[in-house]
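Student: Sharing a structure, written as structure tokens. Questions coming.
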2 protein chains.
Amino acid sequence: MSTTQTRAPRNGVDTPTLFATLNAVKGDPELAKFRFRATNTWISGTHNRSVIRGFYGAGQEDTTRTDDFTYDADHPAVLVGGGNAPTPVEFLLHAIASCITAGVANIAAARGVTLHEVSSTVEGDIDLLGVLGLSERVRNGYQGIRVTFRISGDAPADVLRGLVEQSRARSAVYDVLTNGTRVDIDVVAA
Amino acid sequence: MSTTQTRAPRNGVDTPTLFATLNAVKGDPELAKFRFRATNTWISGTHNRSVIRGFYGAGQEDTTRTDDFTYDADHPAVLVGGGNAPTPVEFLLHAIASCITAGVANIAAARGVTLHEVSSTVEGDIDLLGVLGLSERVRNGYQGIRVTFRISGDAPADVLRGLVEQSRARSAVYDVLTNGTRVDIDVVAA
């Protein structure tokens, strides 16, 4: 551990602060409890919009995000939508790629590896017979997702592959997408 | 079925085309097979960017989307990121809200219900002791997600609640988030 504690900033990661954060959370595990949020508003047809900004974490409500992040979703024309934005399921592909990529950068910094490139392509296969209610034997969601990473840096190929593997093993999105989580839905009808 | 087949457009949903699409897929189930894609590129630290545009579906590569949809992700400052965009896990909250909302609009149109408002708030609880590698007993992903819908329209409250319930039962994102799916990861290290 003593070598990793002294890692310099690398890959745009403030490595000393990363280790200081780890040590702070070790000292007070309550700091690790986070609550993220989004609000969504229907616009018309399959077109709707989410706003993401506030969250709770590290023992307090965040004050560093001072602007809303706004994202639309829609169905394409072939699915009788307006095509104003990606479909909801495509945001799952963004989520898995971005989660593992962020982890790779952190882990590389912690291990003293300088990255040159990290890119990925994600594909998800879905048979809409489920969603359309035309088959009870076909699931509603993706039947499978494939992610292909391309990574280069100042380390041997097996070390670079190990960064992706460790990031996968600690990825919040990978965990949710592969293991599922509880989703509770309440409705206020007025 | 005969009454629903003659529904007029409603809620911004082209209901006749929706039913024509359902009938076309019934006649040729291969049309229901879709493949969605995203590409992601690391920028610096935990900041990275996805591009979403092309997809395969209804028997062909889509040509109706003529522009890229581009989305960043990042960690906030408290998690040693640049705060340039939401975290990957927050896009999961956008995905679940937008998927169920799109379905509500379609199902309402099919059932002859005119909607006035559909809005939702989503919260996800996550204990970062898992992601940070500080506890083997804490999962990496969300421990639970809660969605609260507010819906109004020209139908009784129980009918409005039934729209959300039917949309949940046919939601691709709800299925993936609650049941999980297979995610395969390949790495090309150069």
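FYI, nothing fancy with the structure tokens labels: chains A, B, ... in order, residues from 1 per chain, ligands from 1 as they appear.
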Mind fitting chain A onto chain B over all Cα atoms in sequence order and sending the result as a PDB file with C-alpha atoms, in the first residue's frame?
Tutor:
```
ATOM      1  CA  MET A   1     -59.537  -5.531 -30.355  1.00  0.00           C
ATOM      2  CA  SER A   2     -61.815  -3.919 -32.933  1.00  0.00           C
ATOM      3  CA  THR A   3     -62.335  -0.824 -30.798  1.00  0.00           C
ATOM      4  CA  THR A   4     -58.623  -0.273 -30.180  1.00  0.00           C
ATOM      5  CA  GLN A   5     -57.867  -0.722 -33.896  1.00  0.00           C
ATOM      6  CA  THR A   6     -59.833   2.404 -34.657  1.00  0.00           C
ATOM      7  CA  ARG A   7     -58.334   4.701 -32.017  1.00  0.00           C
ATOM      8  CA  ALA A   8     -57.473   8.173 -33.235  1.00  0.00           C
ATOM      9  CA  PRO A   9     -54.097   9.863 -32.659  1.00  0.00           C
ATOM     10  CA  ARG A  10     -53.857  11.064 -29.052  1.00  0.00           C
ATOM     11  CA  ASN A  11     -51.186  12.310 -26.632  1.00  0.00           C
ATOM     12  CA  GLY A  12     -48.892  13.006 -29.583  1.00  0.00           C
ATOM     13  CA  VAL A  13     -49.030   9.281 -30.407  1.00  0.00           C
ATOM     14  CA  ASP A  14     -49.898   8.320 -33.981  1.00  0.00           C
ATOM     15  CA  THR A  15     -52.183   5.566 -32.738  1.00  0.00           C
ATOM     16  CA  PRO A  16     -53.205   4.212 -36.165  1.00  0.00           C
ATOM     17  CA  THR A  17     -49.542   3.844 -37.129  1.00  0.00           C
ATOM     18  CA  LEU A  18     -48.829   2.244 -33.735  1.00  0.00           C
ATOM     19  CA  PHE A  19     -51.448  -0.448 -34.417  1.00  0.00           C
ATOM     20  CA  ALA A  20     -50.283  -0.813 -38.030  1.00  0.00           C
ATOM     21  CA  THR A  21     -46.766  -1.401 -36.714  1.00  0.00           C
ATOM     22  CA  LEU A  22     -48.034  -4.028 -34.286  1.00  0.00           C
ATOM     23  CA  ASN A  23     -49.841  -5.786 -37.113  1.00  0.00           C
ATOM     24  CA  ALA A  24     -46.774  -5.628 -39.370  1.00  0.00           C
ATOM     25  CA  VAL A  25     -44.621  -7.224 -36.667  1.00  0.00           C
ATOM     26  CA  LYS A  26     -47.247  -9.903 -36.049  1.00  0.00           C
ATOM     27  CA  GLY A  27     -46.949 -10.757 -39.738  1.00  0.00           C
ATOM     28  CA  ASP A  28     -43.140 -10.802 -39.736  1.00  0.00           C
ATOM     29  CA  PRO A  29     -41.606 -11.284 -36.257  1.00  0.00           C
ATOM     30  CA  GLU A  30     -38.088 -10.695 -37.668  1.00  0.00           C
ATOM     31  CA  LEU A  31     -38.996  -6.982 -37.821  1.00  0.00           C
ATOM     32  CA  ALA A  32     -38.899  -6.940 -34.002  1.00  0.00           C
ATOM     33  CA  LYS A  33     -35.179  -7.689 -33.785  1.00  0.00           C
ATOM     34  CA  PHE A  34     -33.251  -4.538 -32.905  1.00  0.00           C
ATOM     35  CA  ARG A  35     -29.606  -3.834 -32.159  1.00  0.00           C
ATOM     36  CA  PHE A  36     -28.741  -0.558 -30.454  1.00  0.00           C
ATOM     37  CA  ARG A  37     -25.205   0.836 -30.195  1.00  0.00           C
ATOM     38  CA  ALA A  38     -23.055   3.462 -28.538  1.00  0.00           C
ATOM     39  CA  THR A  39     -19.401   4.383 -28.803  1.00  0.00           C
ATOM     40  CA  ASN A  40     -17.485   5.924 -25.913  1.00  0.00           C
ATOM     41  CA  THR A  41     -14.171   7.766 -25.758  1.00  0.00           C
ATOM     42  CA  TRP A  42     -12.166   8.592 -22.659  1.00  0.00           C
ATOM     43  CA  ILE A  43     -11.331  12.300 -22.319  1.00  0.00           C
ATOM     44  CA  SER A  44      -9.442  12.758 -19.022  1.00  0.00           C
ATOM     45  CA  GLY A  45      -9.815  11.417 -15.505  1.00  0.00           C
ATOM     46  CA  THR A  46     -13.369  10.160 -15.020  1.00  0.00           C
ATOM     47  CA  HIS A  47     -14.652  12.333 -17.887  1.00  0.00           C
ATOM     48  CA  ASN A  48     -15.671  10.524 -21.062  1.00  0.00           C
ATOM     49  CA  ARG A  49     -18.128  10.886 -23.929  1.00  0.00           C
ATOM     50  CA  SER A  50     -20.575   8.609 -25.740  1.00  0.00           C
ATOM     51  CA  VAL A  51     -22.013   8.992 -29.210  1.00  0.00           C
ATOM     52  CA  ILE A  52     -25.332   7.360 -30.090  1.00  0.00           C
ATOM     53  CA  ARG A  53     -26.773   7.348 -33.580  1.00  0.00           C
ATOM     54  CA  GLY A  54     -27.096   4.243 -35.727  1.00  0.00           C
ATOM     55  CA  PHE A  55     -29.121   1.177 -34.916  1.00  0.00           C
ATOM     56  CA  TYR A  56     -30.465  -1.869 -36.696  1.00  0.00           C
ATOM     57  CA  GLY A  57     -34.156  -2.650 -36.575  1.00  0.00           C
ATOM     58  CA  ALA A  58     -37.233  -3.534 -38.616  1.00  0.00           C
ATOM     59  CA  GLY A  59     -35.008  -5.463 -40.990  1.00  0.00           C
ATOM     60  CA  GLN A  60     -32.565  -2.721 -41.867  1.00  0.00           C
ATOM     61  CA  GLU A  61     -29.995  -0.217 -40.688  1.00  0.00           C
ATOM     62  CA  ASP A  62     -31.727   3.001 -39.642  1.00  0.00           C
ATOM     63  CA  THR A  63     -31.308   6.008 -41.912  1.00  0.00           C
ATOM     64  CA  THR A  64     -33.680   8.445 -40.198  1.00  0.00           C
ATOM     65  CA  ARG A  65     -31.257   9.668 -37.541  1.00  0.00           C
ATOM     66  CA  THR A  66     -28.996  12.052 -39.365  1.00  0.00           C
ATOM     67  CA  ASP A  67     -27.174  13.582 -36.384  1.00  0.00           C
ATOM     68  CA  ASP A  68     -25.130  12.176 -33.537  1.00  0.00           C
ATOM     69  CA  PHE A  69     -26.504  12.284 -30.001  1.00  0.00           C
ATOM     70  CA  THR A  70     -23.557  13.035 -27.702  1.00  0.00           C
ATOM     71  CA  TYR A  71     -23.496  12.537 -23.933  1.00  0.00           C
ATOM     72  CA  ASP A  72     -20.701  13.078 -21.434  1.00  0.00           C
ATOM     73  CA  ALA A  73     -20.298  11.415 -18.067  1.00  0.00           C
ATOM     74  CA  ASP A  74     -18.027  12.345 -15.184  1.00  0.00           C
ATOM     75  CA  HIS A  75     -17.702  12.024 -11.434  1.00  0.00           C
ATOM     76  CA  PRO A  76     -18.477  15.025  -9.229  1.00  0.00           C
ATOM     77  CA  ALA A  77     -15.713  16.804  -7.337  1.00  0.00           C
ATOM     78  CA  VAL A  78     -16.502  14.942  -4.107  1.00  0.00           C
ATOM     79  CA  LEU A  79     -15.702  11.726  -5.993  1.00  0.00           C
ATOM     80  CA  VAL A  80     -12.475  13.191  -7.394  1.00  0.00           C
ATOM     81  CA  GLY A  81     -13.961  13.978 -10.803  1.00  0.00           C
ATOM     82  CA  GLY A  82     -14.363  17.151 -12.804  1.00  0.00           C
ATOM     83  CA  GLY A  83     -18.135  17.423 -12.432  1.00  0.00           C
ATOM     84  CA  ASN A  84     -18.516  18.006 -16.174  1.00  0.00           C
ATOM     85  CA  ALA A  85     -21.556  15.743 -16.457  1.00  0.00           C
ATOM     86  CA  PRO A  86     -23.679  13.342 -14.395  1.00  0.00           C
ATOM     87  CA  THR A  87     -22.232  10.101 -13.145  1.00  0.00           C
ATOM     88  CA  PRO A  88     -22.875   6.925 -15.150  1.00  0.00           C
ATOM     89  CA  VAL A  89     -25.337   5.627 -12.531  1.00  0.00           C
ATOM     90  CA  GLU A  90     -27.495   8.739 -12.882  1.00  0.00           C
ATOM     91  CA  PHE A  91     -28.123   7.862 -16.528  1.00  0.00           C
ATOM     92  CA  LEU A  92     -29.801   4.687 -15.270  1.00  0.00           C
ATOM     93  CA  LEU A  93     -32.332   6.919 -13.491  1.00  0.00           C
ATOM     94  CA  HIS A  94     -33.021   8.829 -16.710  1.00  0.00           C
ATOM     95  CA  ALA A  95     -33.419   5.513 -18.540  1.00  0.00           C
ATOM     96  CA  ILE A  96     -36.032   4.044 -16.189  1.00  0.00           C
ATOM     97  CA  ALA A  97     -38.099   7.230 -15.969  1.00  0.00           C
ATOM     98  CA  SER A  98     -38.060   7.833 -19.720  1.00  0.00           C
ATOM     99  CA  CYS A  99     -38.859   4.229 -20.619  1.00  0.00           C
ATOM    100  CA  ILE A 100     -41.930   3.986 -18.422  1.00  0.00           C
ATOM    101  CA  THR A 101     -43.114   7.471 -19.411  1.00  0.00           C
ATOM    102  CA  ALA A 102     -42.907   6.677 -23.140  1.00  0.00           C
ATOM    103  CA  GLY A 103     -44.901   3.523 -22.534  1.00  0.00           C
ATOM    104  CA  VAL A 104     -47.560   5.384 -20.564  1.00  0.00           C
ATOM    105  CA  ALA A 105     -48.174   7.729 -23.504  1.00  0.00           C
ATOM    106  CA  ASN A 106     -48.506   4.839 -25.964  1.00  0.00           C
ATOM    107  CA  ILE A 107     -50.739   2.766 -23.715  1.00  0.00           C
ATOM    108  CA  ALA A 108     -52.941   5.750 -22.901  1.00  0.00           C
ATOM    109  CA  ALA A 109     -53.406   6.415 -26.626  1.00  0.00           C
ATOM    110  CA  ALA A 110     -54.257   2.758 -27.229  1.00  0.00           C
ATOM    111  CA  ARG A 111     -56.803   2.840 -24.404  1.00  0.00           C
ATOM    112  CA  GLY A 112     -58.331   6.152 -25.479  1.00  0.00           C
ATOM    113  CA  VAL A 113     -57.098   8.141 -22.476  1.00  0.00           C
ATOM    114  CA  THR A 114     -55.982  11.736 -22.996  1.00  0.00           C
ATOM    115  CA  LEU A 115     -53.088  12.610 -20.704  1.00  0.00           C
ATOM    116  CA  HIS A 116     -52.620  16.023 -19.129  1.00  0.00           C
ATOM    117  CA  GLU A 117     -49.412  15.453 -17.214  1.00  0.00           C
ATOM    118  CA  VAL A 118     -46.905  12.684 -16.593  1.00  0.00           C
ATOM    119  CA  SER A 119     -43.934  13.511 -14.400  1.00  0.00           C
ATOM    120  CA  SER A 120     -41.710  11.465 -12.189  1.00  0.00           C
ATOM    121  CA  THR A 121     -38.919  11.653  -9.673  1.00  0.00           C
ATOM    122  CA  VAL A 122     -36.358   8.883  -9.371  1.00  0.00           C
ATOM    123  CA  GLU A 123     -33.988   8.218  -6.498  1.00  0.00           C
ATOM    124  CA  GLY A 124     -31.248   5.620  -6.286  1.00  0.00           C
ATOM    125  CA  ASP A 125     -29.375   4.682  -3.120  1.00  0.00           C
ATOM    126  CA  ILE A 126     -25.807   3.479  -3.391  1.00  0.00           C
ATOM    127  CA  ASP A 127     -23.216   2.749  -0.727  1.00  0.00           C
ATOM    128  CA  LEU A 128     -19.829   3.426  -2.288  1.00  0.00           C
ATOM    129  CA  LEU A 129     -18.026   1.114   0.156  1.00  0.00           C
ATOM    130  CA  GLY A 130     -18.556  -1.470  -2.606  1.00  0.00           C
ATOM    131  CA  VAL A 131     -17.219   0.510  -5.540  1.00  0.00           C
ATOM    132  CA  LEU A 132     -14.319   1.814  -3.445  1.00  0.00           C
ATOM    133  CA  GLY A 133     -13.316  -1.724  -2.517  1.00  0.00           C
ATOM    134  CA  LEU A 134     -13.704  -1.007   1.209  1.00  0.00           C
ATOM    135  CA  SER A 135     -16.265  -3.725   1.926  1.00  0.00           C
ATOM    136  CA  GLU A 136     -16.864  -7.114   0.360  1.00  0.00           C
ATOM    137  CA  ARG A 137     -20.344  -7.204   1.894  1.00  0.00           C
ATOM    138  CA  VAL A 138     -21.633  -4.092   0.094  1.00  0.00           C
ATOM    139  CA  ARG A 139     -22.678  -4.428  -3.548  1.00  0.00           C
ATOM    140  CA  ASN A 140     -21.227  -2.098  -6.181  1.00  0.00           C
ATOM    141  CA  GLY A 141     -24.533  -0.950  -7.623  1.00  0.00           C
ATOM    142  CA  TYR A 142     -27.722   0.664  -6.422  1.00  0.00           C
ATOM    143  CA  GLN A 143     -29.263  -1.011  -3.413  1.00  0.00           C
ATOM    144  CA  GLY A 144     -32.617   0.203  -4.603  1.00  0.00           C
ATOM    145  CA  ILE A 145     -34.316   2.637  -6.966  1.00  0.00           C
ATOM    146  CA  ARG A 146     -37.621   4.393  -6.248  1.00  0.00           C
ATOM    147  CA  VAL A 147     -39.733   6.021  -8.941  1.00  0.00           C
ATOM    148  CA  THR A 148     -42.706   8.210  -8.066  1.00  0.00           C
ATOM    149  CA  PHE A 149     -45.045   9.071 -10.912  1.00  0.00           C
ATOM    150  CA  ARG A 150     -47.534  11.904 -10.950  1.00  0.00           C
ATOM    151  CA  ILE A 151     -50.122  11.424 -13.670  1.00  0.00           C
ATOM    152  CA  SER A 152     -53.306  13.229 -14.642  1.00  0.00           C
ATOM    153  CA  GLY A 153     -55.695  12.837 -17.543  1.00  0.00           C
ATOM    154  CA  ASP A 154     -59.333  12.394 -18.543  1.00  0.00           C
ATOM    155  CA  ALA A 155     -59.780   9.067 -16.767  1.00  0.00           C
ATOM    156  CA  PRO A 156     -60.370   7.916 -13.192  1.00  0.00           C
ATOM    157  CA  ALA A 157     -57.372   7.505 -10.890  1.00  0.00           C
ATOM    158  CA  ASP A 158     -57.443   3.709 -11.088  1.00  0.00           C
ATOM    159  CA  VAL A 159     -57.330   3.822 -14.902  1.00  0.00           C
ATOM    160  CA  LEU A 160     -54.393   6.257 -14.785  1.00  0.00           C
ATOM    161  CA  ARG A 161     -52.569   4.023 -12.296  1.00  0.00           C
ATOM    162  CA  GLY A 162     -53.251   1.091 -14.624  1.00  0.00           C
ATOM    163  CA  LEU A 163     -51.390   2.878 -17.434  1.00  0.00           C
ATOM    164  CA  VAL A 164     -48.232   3.092 -15.314  1.00  0.00           C
ATOM    165  CA  GLU A 165     -48.617  -0.536 -14.213  1.00  0.00           C
ATOM    166  CA  GLN A 166     -48.984  -1.786 -17.795  1.00  0.00           C
ATOM    167  CA  SER A 167     -46.016   0.327 -18.901  1.00  0.00           C
ATOM    168  CA  ARG A 168     -43.899  -1.114 -16.071  1.00  0.00           C
ATOM    169  CA  ALA A 169     -44.940  -4.617 -17.079  1.00  0.00           C
ATOM    170  CA  ARG A 170     -43.721  -3.962 -20.658  1.00  0.00           C
ATOM    171  CA  SER A 171     -40.716  -1.752 -19.934  1.00  0.00           C
ATOM    172  CA  ALA A 172     -37.400  -2.834 -21.432  1.00  0.00           C
ATOM    173  CA  VAL A 173     -35.406  -0.769 -18.937  1.00  0.00           C
ATOM    174  CA  TYR A 174     -37.423  -2.012 -15.935  1.00  0.00           C
ATOM    175  CA  ASP A 175     -36.756  -5.579 -17.050  1.00  0.00           C
ATOM    176  CA  VAL A 176     -33.003  -5.027 -17.369  1.00  0.00           C
ATOM    177  CA  LEU A 177     -32.689  -3.078 -14.104  1.00  0.00           C
ATOM    178  CA  THR A 178     -34.697  -5.564 -12.048  1.00  0.00           C
ATOM    179  CA  ASN A 179     -33.762  -8.864 -13.682  1.00  0.00           C
ATOM    180  CA  GLY A 180     -30.330  -8.107 -15.072  1.00  0.00           C
ATOM    181  CA  THR A 181     -28.946  -9.190 -18.402  1.00  0.00           C
ATOM    182  CA  ARG A 182     -25.774 -10.718 -19.728  1.00  0.00           C
ATOM    183  CA  VAL A 183     -22.937  -8.228 -20.349  1.00  0.00           C
ATOM    184  CA  ASP A 184     -19.855  -9.520 -22.181  1.00  0.00           C
ATOM    185  CA  ILE A 185     -16.706  -7.428 -22.201  1.00  0.00           C
ATOM    186  CA  ASP A 186     -13.848  -7.832 -24.675  1.00  0.00           C
ATOM    187  CA  VAL A 187     -10.575  -5.930 -24.518  1.00  0.00           C
ATOM    188  CA  VAL A 188      -8.196  -5.107 -27.348  1.00  0.00           C
ATOM    189  CA  ALA A 189      -4.981  -3.879 -25.720  1.00  0.00           C
ATOM    190  CA  ALA A 190      -2.587  -2.215 -28.107  1.00  0.00           C
TER     191      ALA A 190
END
```
Student: Quick check for you: according to DSSP on this backbone, which residues of stretch 5-173 of chain A are classed as alpha helix (DSSP H)? Reply as a PyMOL selection string.
Tutor: chain A and resi 5+15-27+88-111+157-169+172-173
Student: According to DSSP computed on the backbone, where in stretch 21-65 of chain A is there strand (DSSP E)? Give the residues as a list in words.
Tutor: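 In stretch 21-65 of chain A, DSSP puts these residues in strand (DSSP E): Lys33, Phe34, Arg35, Phe36, Arg37, Ala38, Thr39, Asn40, Thr41, Trp42, Ile43, Ser44, His47, Asn48, Arg49, Ser50, Val51, Ile52, Phe55, Tyr56, Gly57, Gln60 and Glu61 of chain A.
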